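Enquirer: Input file: target.txt. Contents: compact mmCIF, C-alpha atoms.
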```txt
# COMPACT_ATOMS: atom_id res chain seq x y z
CA MET K 1 0.00 0.00 0.00
CA ARG K 2 2.82 2.42 0.82
CA ASP K 3 4.32 2.12 -2.66
CA TYR K 4 0.99 2.89 -4.31
CA LEU K 5 0.32 5.85 -2.01
CA LEU K 6 3.83 7.09 -2.77
CA MET K 7 3.03 6.95 -6.49
CA LEU K 8 -0.20 8.84 -5.91
CA PHE K 9 1.54 11.67 -4.07
CA ILE K 10 4.47 11.84 -6.50
CA THR K 11 2.09 12.09 -9.45
CA ALA K 12 0.01 14.71 -7.65
CA ALA K 13 3.09 16.76 -6.78
CA VAL K 14 4.50 16.68 -10.32
CA THR K 15 1.13 17.61 -11.83
CA LEU K 16 0.71 20.43 -9.31
CA LEU K 17 4.16 21.86 -9.98
CA LEU K 18 3.86 21.61 -13.77
CA THR K 19 0.44 23.26 -13.99
CA GLY K 20 1.76 26.76 -13.22
CA PRO K 21 4.39 26.81 -16.01
CA VAL K 22 1.92 25.16 -18.40
CA ARG K 23 -0.57 27.96 -17.67
CA LYS K 24 2.02 30.60 -18.58
CA PHE K 25 2.92 28.66 -21.72
CA ALA K 26 -0.74 28.40 -22.77
CA ILE K 27 -1.17 32.15 -22.36
CA SER K 28 1.99 32.89 -24.32
CA ILE K 29 0.91 30.84 -27.35
CA GLY K 30 -2.68 32.06 -27.25
CA ALA K 31 -4.34 28.82 -26.14
CA MET K 32 -7.00 30.89 -24.42
CA PRO K 33 -10.11 31.00 -26.60
CA GLU K 34 -12.87 33.54 -26.32
CA ILE K 35 -15.90 32.77 -24.18
CA ARG K 36 -18.56 30.79 -26.02
CA ALA K 37 -22.32 30.93 -25.56
CA ARG K 38 -22.40 27.62 -23.67
CA ASP K 39 -19.56 28.52 -21.28
CA VAL K 40 -20.30 29.43 -17.66
CA HIS K 41 -17.05 31.26 -16.92
CA ARG K 42 -16.87 35.00 -17.54
CA GLU K 43 -13.22 35.59 -18.40
CA PRO K 44 -10.99 33.89 -21.01
CA THR K 45 -9.07 31.09 -19.29
CA PRO K 46 -6.02 29.24 -20.65
CA ARG K 47 -6.34 25.59 -21.60
CA LEU K 48 -3.72 22.89 -22.17
CA GLY K 49 -3.90 21.69 -18.56
CA GLY K 50 -3.61 18.21 -20.02
CA MET K 51 0.10 18.90 -20.61
CA ALA K 52 0.72 19.01 -16.86
CA MET K 53 -1.41 15.92 -16.32
CA PHE K 54 0.51 14.00 -18.98
CA GLY K 55 3.75 15.05 -17.30
CA GLY K 56 2.45 13.68 -14.01
CA LEU K 57 1.53 10.42 -15.75
CA LEU K 58 5.03 10.03 -17.19
CA ALA K 59 6.64 10.82 -13.84
CA GLY K 60 4.43 8.28 -12.07
CA PHE K 61 5.27 5.46 -14.46
CA LEU K 62 8.98 6.39 -14.51
CA VAL K 63 9.32 6.28 -10.72
CA ALA K 64 7.20 3.12 -10.44
CA SER K 65 9.39 1.29 -12.93
CA HIS K 66 12.38 1.75 -10.59
CA LEU K 67 10.71 0.73 -7.33
CA PRO K 68 11.56 -2.85 -6.25
CA HIS K 69 7.98 -3.85 -5.45
CA LEU K 70 6.46 -2.32 -8.60
CA GLU K 71 9.00 -2.90 -11.36
CA GLU K 72 7.67 -6.42 -11.94
CA ILE K 73 4.44 -4.88 -13.24
CA PHE K 74 6.34 -3.49 -16.24
CA THR K 75 8.01 -6.79 -17.05
CA GLN K 76 5.05 -9.12 -16.51
CA SER K 77 2.23 -6.98 -17.91
CA SER K 78 1.79 -5.12 -21.18
CA ALA K 79 -0.82 -2.77 -19.67
CA PRO K 80 1.53 0.13 -18.71
CA ARG K 81 3.24 0.18 -22.12
CA ALA K 82 -0.06 -0.07 -24.02
CA LEU K 83 -1.65 2.61 -21.84
CA LEU K 84 1.23 5.02 -22.34
CA SER K 85 1.11 4.52 -26.11
CA GLY K 86 -2.61 5.21 -26.31
CA ALA K 87 -2.28 8.13 -23.89
CA ALA K 88 0.42 9.73 -26.04
CA VAL K 89 -1.77 9.55 -29.15
CA ILE K 90 -4.84 10.99 -27.44
CA TRP K 91 -2.77 13.67 -25.70
CA VAL K 92 -1.23 14.93 -28.96
CA LEU K 93 -4.71 15.03 -30.51
CA GLY K 94 -6.02 16.99 -27.54
CA VAL K 95 -3.17 19.52 -27.61
CA LEU K 96 -3.84 20.20 -31.30
CA ASP K 97 -7.53 20.67 -30.57
CA ASP K 98 -6.88 23.02 -27.65
CA LYS K 99 -4.64 25.25 -29.74
CA TRP K 100 -6.10 25.18 -33.25
CA GLY K 101 -9.33 23.19 -33.03
CA VAL K 102 -9.93 19.82 -34.65
CA ASP K 103 -13.01 18.70 -36.58
CA SER K 104 -15.26 16.40 -34.55
CA LEU K 105 -15.00 13.52 -37.03
CA VAL K 106 -11.20 13.82 -37.13
CA LYS K 107 -11.20 13.80 -33.36
CA LEU K 108 -13.36 10.68 -33.31
CA GLY K 109 -10.97 9.00 -35.72
CA GLY K 110 -8.03 9.89 -33.48
CA GLN K 111 -9.82 8.38 -30.49
CA VAL K 112 -10.37 5.14 -32.41
CA ILE K 113 -6.67 5.08 -33.36
CA ALA K 114 -5.60 5.59 -29.73
CA ALA K 115 -7.91 2.80 -28.58
CA GLY K 116 -6.66 0.57 -31.40
CA VAL K 117 -3.04 1.18 -30.39
CA MET K 118 -3.87 -0.01 -26.88
CA ALA K 119 -5.73 -3.07 -28.13
CA PHE K 120 -2.94 -3.94 -30.59
CA GLN K 121 -0.44 -4.05 -27.71
CA GLY K 122 -2.53 -6.48 -25.72
CA LEU K 123 -4.72 -4.29 -23.48
CA THR K 124 -8.05 -5.79 -24.48
CA ILE K 125 -11.16 -7.24 -22.87
CA LEU K 126 -10.76 -11.02 -22.96
CA TRP K 127 -13.92 -12.07 -21.13
CA LEU K 128 -17.24 -10.77 -19.89
CA PRO K 129 -18.21 -11.45 -16.28
CA VAL K 130 -21.62 -13.16 -16.20
CA PRO K 131 -23.29 -14.33 -12.96
CA GLY K 132 -23.38 -18.11 -12.54
CA THR K 133 -20.48 -18.76 -14.89
CA ASP K 134 -16.70 -18.44 -14.94
CA GLY K 135 -17.10 -15.71 -17.53
CA ILE K 136 -17.73 -15.72 -21.25
CA TYR K 137 -14.46 -15.66 -23.19
CA LEU K 138 -14.30 -13.46 -26.30
CA SER K 139 -12.51 -14.03 -29.57
CA ASP K 140 -9.72 -11.66 -30.58
CA TRP K 141 -11.86 -9.55 -32.89
CA GLN K 142 -14.75 -9.42 -30.43
CA GLY K 143 -12.47 -8.31 -27.63
CA THR K 144 -10.83 -5.68 -29.82
CA LEU K 145 -14.13 -4.19 -31.01
CA LEU K 146 -15.54 -4.12 -27.49
CA THR K 147 -12.35 -2.55 -26.13
CA VAL K 148 -12.31 0.20 -28.76
CA ALA K 149 -16.00 0.93 -28.22
CA LEU K 150 -15.62 1.14 -24.43
CA ILE K 151 -12.59 3.44 -24.64
CA VAL K 152 -14.17 5.78 -27.20
CA VAL K 153 -17.45 6.04 -25.28
CA THR K 154 -15.62 6.74 -22.00
CA ILE K 155 -13.37 9.36 -23.58
CA ASN K 156 -16.37 11.27 -24.93
CA ALA K 157 -18.35 10.83 -21.71
CA VAL K 158 -15.60 12.46 -19.65
CA ASN K 159 -15.14 15.13 -22.33
CA PHE K 160 -18.85 15.98 -22.18
CA VAL K 161 -18.91 16.31 -18.41
CA ASP K 162 -15.98 18.75 -18.43
CA GLY K 163 -18.12 21.89 -18.20
CA LEU K 164 -17.59 23.30 -14.70
CA ASP K 165 -14.46 24.13 -12.75
CA GLY K 166 -13.07 20.96 -11.21
CA LEU K 167 -15.95 18.75 -12.33
CA ALA K 168 -14.17 16.33 -14.67
CA ALA K 169 -11.02 16.07 -12.55
CA GLY K 170 -13.00 15.48 -9.36
CA THR K 171 -15.39 12.96 -10.90
CA VAL K 172 -12.60 10.93 -12.49
CA GLY K 173 -10.56 11.20 -9.28
CA ILE K 174 -13.45 9.65 -7.33
CA ALA K 175 -13.76 6.90 -9.93
CA ALA K 176 -10.02 6.23 -9.84
CA THR K 177 -10.10 5.96 -6.04
CA ALA K 178 -12.92 3.42 -6.25
CA PHE K 179 -10.96 1.43 -8.84
CA PHE K 180 -7.89 1.57 -6.63
CA LEU K 181 -9.74 0.14 -3.62
CA TYR K 182 -11.28 -2.63 -5.71
CA ALA K 183 -8.08 -3.58 -7.55
CA TYR K 184 -5.98 -3.44 -4.38
CA ARG K 185 -8.43 -5.78 -2.69
CA LEU K 186 -8.06 -8.25 -5.56
CA TRP K 187 -4.26 -7.99 -5.57
CA TYR K 188 -3.33 -7.79 -1.89
CA GLY K 189 -6.38 -9.24 -0.19
CA TYR K 190 -6.83 -12.28 -2.43
CA GLY K 191 -3.44 -12.74 -4.07
CA ILE K 192 -4.45 -12.08 -7.69
CA GLU K 193 -1.15 -10.71 -8.95
CA SER K 194 -2.53 -9.69 -12.34
CA ALA K 195 -4.60 -6.95 -10.66
CA ALA K 196 -1.42 -5.10 -9.67
CA SER K 197 -1.27 -3.14 -12.95
CA THR K 198 -4.82 -1.85 -12.46
CA THR K 199 -3.93 -0.84 -8.91
CA LEU K 200 -0.93 1.15 -10.14
CA ILE K 201 -2.82 2.82 -13.00
CA SER K 202 -5.70 3.89 -10.78
CA ALA K 203 -3.33 5.27 -8.10
CA ILE K 204 -1.46 7.36 -10.68
CA LEU K 205 -4.74 8.56 -12.21
CA ALA K 206 -6.05 9.65 -8.80
CA GLY K 207 -2.81 11.57 -8.23
CA MET K 208 -3.12 13.37 -11.58
CA CYS K 209 -6.63 14.52 -10.71
CA LEU K 210 -5.69 15.57 -7.18
CA GLY K 211 -2.72 17.66 -8.31
CA PHE K 212 -4.65 19.39 -11.08
CA LEU K 213 -7.65 20.18 -8.87
CA VAL K 214 -5.55 22.66 -6.88
CA HIS K 215 -5.44 24.91 -9.96
CA ASN K 216 -8.76 23.85 -11.50
CA SER K 217 -11.14 24.30 -8.57
CA HIS K 218 -13.58 27.22 -8.80
CA PRO K 219 -12.55 29.83 -9.78
CA ALA K 220 -10.27 27.90 -12.14
CA ARG K 221 -6.96 29.43 -13.18
CA ILE K 222 -6.54 26.92 -16.01
CA PHE K 223 -8.73 24.41 -17.84
CA MET K 224 -7.61 20.91 -18.72
CA GLY K 225 -8.99 21.23 -22.26
CA ASP K 226 -9.48 18.24 -24.52
CA SER K 227 -5.84 17.30 -23.94
CA GLY K 228 -6.79 16.60 -20.33
CA SER K 229 -10.38 15.39 -20.51
CA MET K 230 -9.72 12.86 -23.28
CA LEU K 231 -6.59 11.68 -21.44
CA LEU K 232 -8.58 11.11 -18.25
CA GLY K 233 -11.29 9.26 -20.17
CA LEU K 234 -8.75 6.97 -21.79
CA LEU K 235 -7.03 6.20 -18.48
CA ILE K 236 -10.22 5.40 -16.57
CA ALA K 237 -11.29 3.16 -19.46
CA GLY K 238 -7.85 1.55 -19.30
CA CYS K 239 -8.52 0.65 -15.65
CA ALA K 240 -11.74 -1.11 -16.65
CA VAL K 241 -10.12 -2.94 -19.56
CA SER K 242 -7.15 -4.10 -17.52
CA VAL K 243 -9.45 -5.63 -14.87
CA THR K 244 -11.37 -7.70 -17.40
CA GLY K 245 -8.35 -8.26 -19.64
CA GLU K 246 -5.74 -9.49 -17.20
CA VAL K 247 -7.58 -10.99 -14.23
CA ASP K 248 -8.40 -14.67 -14.81
CA PRO K 249 -12.15 -15.12 -14.11
CA SER K 250 -11.57 -18.66 -12.81
CA LEU K 251 -9.64 -17.14 -9.90
CA LEU K 252 -12.80 -15.42 -8.74
CA ASN K 253 -14.39 -18.77 -7.98
CA GLN K 254 -11.45 -20.43 -6.28
CA THR K 255 -11.26 -21.03 -2.56
CA VAL K 256 -9.34 -18.37 -0.67
CA ASP K 257 -8.15 -19.10 2.87
CA GLY K 258 -10.59 -21.97 3.14
CA ARG K 259 -13.58 -19.90 2.07
CA SER K 260 -15.55 -20.12 -1.12
CA GLY K 261 -14.35 -17.53 -3.56
CA SER K 262 -17.87 -16.55 -4.56
CA ALA K 263 -18.74 -15.85 -0.94
CA ALA K 264 -15.46 -14.45 0.35
CA MET K 265 -14.51 -12.38 -2.67
CA VAL K 266 -16.31 -9.93 -4.80
CA PRO K 267 -19.10 -11.41 -6.94
CA VAL K 268 -17.97 -12.33 -10.42
CA TYR K 269 -20.04 -9.59 -12.03
CA ILE K 270 -18.51 -6.73 -10.01
CA PRO K 271 -15.72 -6.15 -12.60
CA LEU K 272 -18.48 -5.27 -15.05
CA LEU K 273 -20.63 -3.22 -12.67
CA LEU K 274 -17.77 -1.16 -11.27
CA PRO K 275 -16.63 0.34 -14.60
CA LEU K 276 -20.24 1.15 -15.42
CA SER K 277 -20.89 2.70 -12.02
CA VAL K 278 -17.90 5.02 -12.00
CA ILE K 279 -18.79 6.48 -15.42
CA ALA K 280 -22.55 6.31 -14.91
CA LEU K 281 -23.08 10.07 -14.74
CA PRO K 282 -20.79 10.97 -17.69
CA VAL K 283 -22.33 8.24 -19.86
CA ALA K 284 -25.86 9.29 -18.89
CA ASP K 285 -24.97 12.86 -19.82
CA LEU K 286 -23.49 11.65 -23.12
CA VAL K 287 -26.58 9.62 -24.05
CA LEU K 288 -28.97 12.42 -23.09
CA ALA K 289 -26.94 14.94 -25.10
CA ILE K 290 -27.02 12.76 -28.23
CA VAL K 291 -30.78 12.17 -27.91
CA ARG K 292 -31.46 15.85 -27.19
CA ARG K 293 -29.44 17.16 -30.10
CA THR K 294 -30.74 14.59 -32.56
CA TRP K 295 -34.31 15.31 -31.49
CA ASN K 296 -33.75 19.03 -32.10
CA GLY K 297 -32.30 18.39 -35.55
CA MET K 298 -28.73 19.15 -34.49
CA SER K 299 -25.53 17.20 -34.95
CA PRO K 300 -24.73 14.88 -32.01
CA PHE K 301 -21.36 16.66 -31.80
CA ALA K 302 -22.85 20.17 -31.69
CA ALA K 303 -22.31 21.97 -28.37
CA ASP K 304 -25.22 23.19 -26.26
CA LYS K 305 -26.14 24.16 -22.68
CA GLY K 306 -28.26 21.13 -21.81
CA HIS K 307 -25.71 19.04 -19.91
CA LEU K 308 -26.42 17.86 -16.38
CA HIS K 309 -24.20 20.52 -14.84
CA HIS K 310 -26.00 23.21 -16.84
CA ARG K 311 -29.32 21.87 -15.52
CA LEU K 312 -28.05 22.17 -11.95
CA LEU K 313 -27.13 25.80 -12.52
CA GLN K 314 -30.54 26.45 -14.06
CA LEU K 315 -32.17 25.00 -10.94
CA GLY K 316 -30.47 27.73 -8.95
CA HIS K 317 -27.43 25.95 -7.55
CA SER K 318 -24.21 27.89 -7.26
CA HIS K 319 -21.16 26.82 -9.22
CA ARG K 320 -19.54 25.14 -6.22
CA ARG K 321 -22.73 23.44 -5.08
CA ALA K 322 -23.41 22.04 -8.56
CA VAL K 323 -19.92 20.53 -8.66
CA LEU K 324 -20.26 19.09 -5.15
CA LEU K 325 -23.60 17.50 -6.07
CA MET K 326 -22.00 15.80 -9.07
CA TYR K 327 -19.22 14.61 -6.78
CA PHE K 328 -21.85 13.27 -4.38
CA TRP K 329 -23.64 11.16 -6.97
CA SER K 330 -20.38 9.90 -8.49
CA ALA K 331 -19.11 8.83 -5.07
CA LEU K 332 -22.44 7.19 -4.25
CA PHE K 333 -22.39 5.05 -7.39
CA SER K 334 -18.68 4.22 -7.24
CA PHE K 335 -18.21 3.45 -3.55
CA GLY K 336 -21.65 1.86 -3.31
CA ILE K 337 -20.56 -0.81 -5.78
CA VAL K 338 -17.22 -1.25 -4.02
CA GLY K 339 -18.98 -1.51 -0.65
CA TYR K 340 -21.39 -4.09 -2.02
CA SER K 341 -18.50 -6.15 -3.37
CA ALA K 342 -16.86 -6.16 0.04
CA ARG K 343 -19.91 -6.80 2.20
CA GLY K 344 -22.40 -8.56 0.00
CA ALA K 345 -26.10 -7.73 -0.37
CA LYS K 346 -27.05 -6.92 3.21
CA SER K 347 -30.28 -5.21 4.08
CA TRP K 348 -28.68 -2.47 6.15
CA MET K 349 -26.54 -1.45 3.21
CA LEU K 350 -29.57 -1.23 0.92
CA PHE K 351 -31.37 0.96 3.46
CA GLY K 352 -28.25 3.09 3.80
CA VAL K 353 -28.01 3.62 0.04
CA ALA K 354 -31.72 4.52 -0.09
CA PHE K 355 -31.23 7.04 2.72
CA VAL K 356 -28.24 8.64 1.01
CA CYS K 357 -30.17 8.83 -2.27
CA GLY K 358 -33.00 10.59 -0.46
CA LEU K 359 -30.52 13.03 1.05
CA GLY K 360 -29.11 13.70 -2.40
CA LEU K 361 -32.56 14.45 -3.80
CA VAL K 362 -33.20 16.92 -0.97
CA LEU K 363 -29.93 18.70 -1.73
CA LEU K 364 -30.74 18.63 -5.44
CA LEU K 365 -34.08 20.37 -4.91
CA GLN K 366 -32.90 22.79 -2.25
CA PRO K 367 -32.97 25.89 -4.50
CA ARG K 368 -36.67 25.22 -5.14
CA TYR K 369 -37.32 25.16 -1.43
CA GLU K 370 -35.48 28.47 -1.10
CA SER K 371 -37.62 29.95 -3.88
CA ALA K 372 -40.75 28.83 -2.05
CA LEU K 373 -39.38 30.45 1.10
CA ALA K 374 -38.94 33.72 -0.77
CA ARG K 375 -42.64 33.76 -1.61
CA ARG K 376 -43.85 33.09 1.95
CA VAL K 377 -41.76 35.26 4.25
CA PRO K 378 -41.26 39.03 4.32
CA PRO K 379 -38.91 40.22 1.55
CA ALA K 380 -36.65 42.08 3.98
CA LEU K 381 -36.04 38.91 6.02
CA VAL K 382 -35.25 36.84 2.94
CA ALA K 383 -32.87 39.51 1.67
CA CYS K 384 -31.11 39.54 5.03
CA ILE K 385 -30.73 35.74 5.03
CA TYR K 386 -29.30 35.53 1.54
CA ARG K 387 -27.11 38.57 1.93
CA ARG K 388 -25.50 36.94 4.97
CA ARG K 389 -24.91 33.78 2.93
CA GLY K 390 -23.45 35.80 0.05
CA GLU K 391 -26.21 34.73 -2.37
CA LEU K 392 -28.09 38.04 -2.68
CA SER K 393 -26.59 41.46 -3.05
CA VAL K 394 -29.70 43.55 -3.59
CA PRO K 395 -32.11 44.09 -0.68
CA LYS K 396 -35.13 44.20 -2.93
CA ASP K 397 -36.44 40.83 -3.69
CA SER K 398 -38.97 38.86 -5.45
CA ALA K 399 -38.73 35.23 -6.52
CA GLY K 400 -38.65 36.38 -10.12
CA ASP K 401 -35.74 38.74 -9.44
CA ARG K 402 -33.76 35.97 -7.78
CA ARG K 403 -34.37 33.60 -10.66
CA ALA K 404 -33.33 36.29 -13.13
CA SER K 405 -30.10 36.95 -11.26
CA ALA K 406 -29.38 33.21 -11.16
CA GLY K 407 -29.91 33.00 -14.90
CA ALA K 408 -27.54 35.89 -15.45
CA ALA K 409 -24.90 34.19 -13.33
CA THR K 410 -25.03 31.08 -15.49
CA GLY K 411 -24.72 33.03 -18.69
CA ASP K 412 -28.27 32.24 -19.94
```
Would you mind writing the structure in this file as structure tokens?

Expert:
Amino acid sequence: MRDYLLMLFITAAVTLLLTGPVRKFAISIGAMPEIRARDVHREPTPRLGGMAMFGGLLAGFLVASHLPHLEEIFTQSSAPRALLSGAAVIWVLGVLDDKWGVDSLVKLGGQVIAAGVMAFQGLTILWLPVPGTDGIYLSDWQGTLLTVALIVVTINAVNFVDGLDGLAAGTVGIAATAFFLYAYRLWYGYGIESAASTTLISAILAGMCLGFLVHNSHPARIFMGDSGSMLLGLLIAGCAVSVTGEVDPSLLNQTVDGRSGSAAMVPVYIPLLLPLSVIALPVADLVLAIVRRTWNGMSPFAADKGHLHHRLLQLGHSHRRAVLLMYFWSALFSFGIVGYSARGAKSWMLFGVAFVCGLGLVLLLQPRYESALARRVPPALVACIYRRRGELSVPKDSAGDRRASAGAATGD
């Protein structure tokens, strides 16, 4: 555990230290586009934050390859080499897009190439976990197609959710932490050595997100751009692929320390549920965006202000609160699946998840409750309450005025 935590902090430190110089470089070359209609920030902000994140990734793998307890991962597994190759391709594509802009179809083609490079070097899905079986093994072409599809979908899902300060980095960081806990349990707790590469990748990914969040939290001093969001999407997809591509499904049903593997370990279908859970919100946002744009006669790649984070702002949430709510739901999905894998389906856990979901819904609808409050109590009292909280600057109030000011703050 200490080696993996060391890699997390080294990656975070390198990313943190590189982000400042990268910001100055992005400003000097003009990688700071004008504000678009769908943007929620008010001042031009430099991009290319993905350069610092890629530097943190390289530093993490370089140091890990020289540590006695981790160097075996690079000799026994092709995952690190394949992941670095695909990451380099997607990073170069993202840098070009951040500086000059790249056509959406060209970008999609580059994503397919990056995923294909990873699959060609052996990082592919070899089996699908199915309850009641040892897993369904896939042929080479089936595994390759499924791997490319999963990576491309995840890249675009993370890219779509990158709309608020710190949202993409925080969401992926939560997902990477969940992957780390799950993979470390497989490797250290149950002796499945092939899960070590996933443990290392997820630790480095969490460090990249943590280091970048220092500069990217609201108000952000730099954006990760496509060079960062597509890189994060590829890496989190790489975690999912490495779990189902390197861990032998038969090991999940073996006896461990005298206990039945199916009872003592995670259920066999958790490797499939966990990747889906950690990207549930980005994928849901991606699907809704495609349906919404197609329904309105637009291209699926056309930008708009209908993403989930835009909806939260339209409900009246502040920038920080909207981001924290997205963190909340991501953590609930990710750690809920990890908790289920560790404890099994116990009634108290189901009640706990239901309670937390109810709490999340209350927080989600809180601005509506505040609007109702504004209509029922004296205007002067409401103005005093919100002025103290920093949410109202004008003593005069009506619910309509508050909604109008909220709309102005979001750029609508």

Enquirer: Counting only C-alpha atoms, which residue out of K:Val158, K:Ala59, K:Met53, K:Ala183 sits closest to Ser229 in chain K?

Expert: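 Looking only at the distances to Ser229 in chain K, the closest residue turns out to be K:Val158.
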
Enquirer: For CA of Trp91 in chain K and CA of Gly170 in chain K, quote the distance in Å rounded to one decimal.

Expert: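 These atoms are spaced 19.4 Å apart.
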
Enquirer: For a quick check of your reading of the model, name the residues lying within 7 Å of the coordinate (-1.7, 21.0, -20.8), counting all atoms listed in the file, and write them as a list in words.

Expert: Val22, Arg47, Leu48, Gly49, Gly50, Met51, Ala52, Met53, Met224, Ser227 and Gly228 of chain K

Enquirer: Restricting the calculation to all atoms listed in the file: of K:Gly143, K:Gly339, K:Gly211, K:Gly191, which residue gets closest to Thr19 in chain K?

Expert: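 Answer, going by the shortest atom-to-atom distance: K:Gly211.
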
Enquirer: Quick one: distance from CA of Ser194 in chain K to CA of Thr75 in chain K in Å, one decimal?

Expert: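 Between CA of Ser194 in chain K and CA of Thr75 in chain K the gap works out to 11.9 Å.
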
Enquirer: Measuring atom to atom with only C-alpha atoms, identify which of K:Gly189, K:Gly60, K:Gly233, K:Gly207 is nearest to Phe9 in chain K.

Expert: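 Looking only at the distances to Phe9 in chain K, the closest residue turns out to be K:Gly207.
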
Enquirer: Mind checking which residues fall within 10 Å of Ser77 in chain K, counting only C-alpha atoms, ignoring those fewer than 6 positions away in the same chain, and posting them as a PDB file with C-alpha atoms, in the frame of the given file?

Expert:
```
ATOM      1  CA  GLY K 122      -2.530  -6.480 -25.720  1.00  0.00           C
ATOM      2  CA  LEU K 123      -4.720  -4.290 -23.480  1.00  0.00           C
ATOM      3  CA  SER K 194      -2.530  -9.690 -12.340  1.00  0.00           C
ATOM      4  CA  ALA K 195      -4.600  -6.950 -10.660  1.00  0.00           C
ATOM      5  CA  ALA K 196      -1.420  -5.100  -9.670  1.00  0.00           C
ATOM      6  CA  SER K 197      -1.270  -3.140 -12.950  1.00  0.00           C
ATOM      7  CA  SER K 242      -7.150  -4.100 -17.520  1.00  0.00           C
ATOM      8  CA  GLU K 246      -5.740  -9.490 -17.200  1.00  0.00           C
TER       9      GLU K 246
END
```
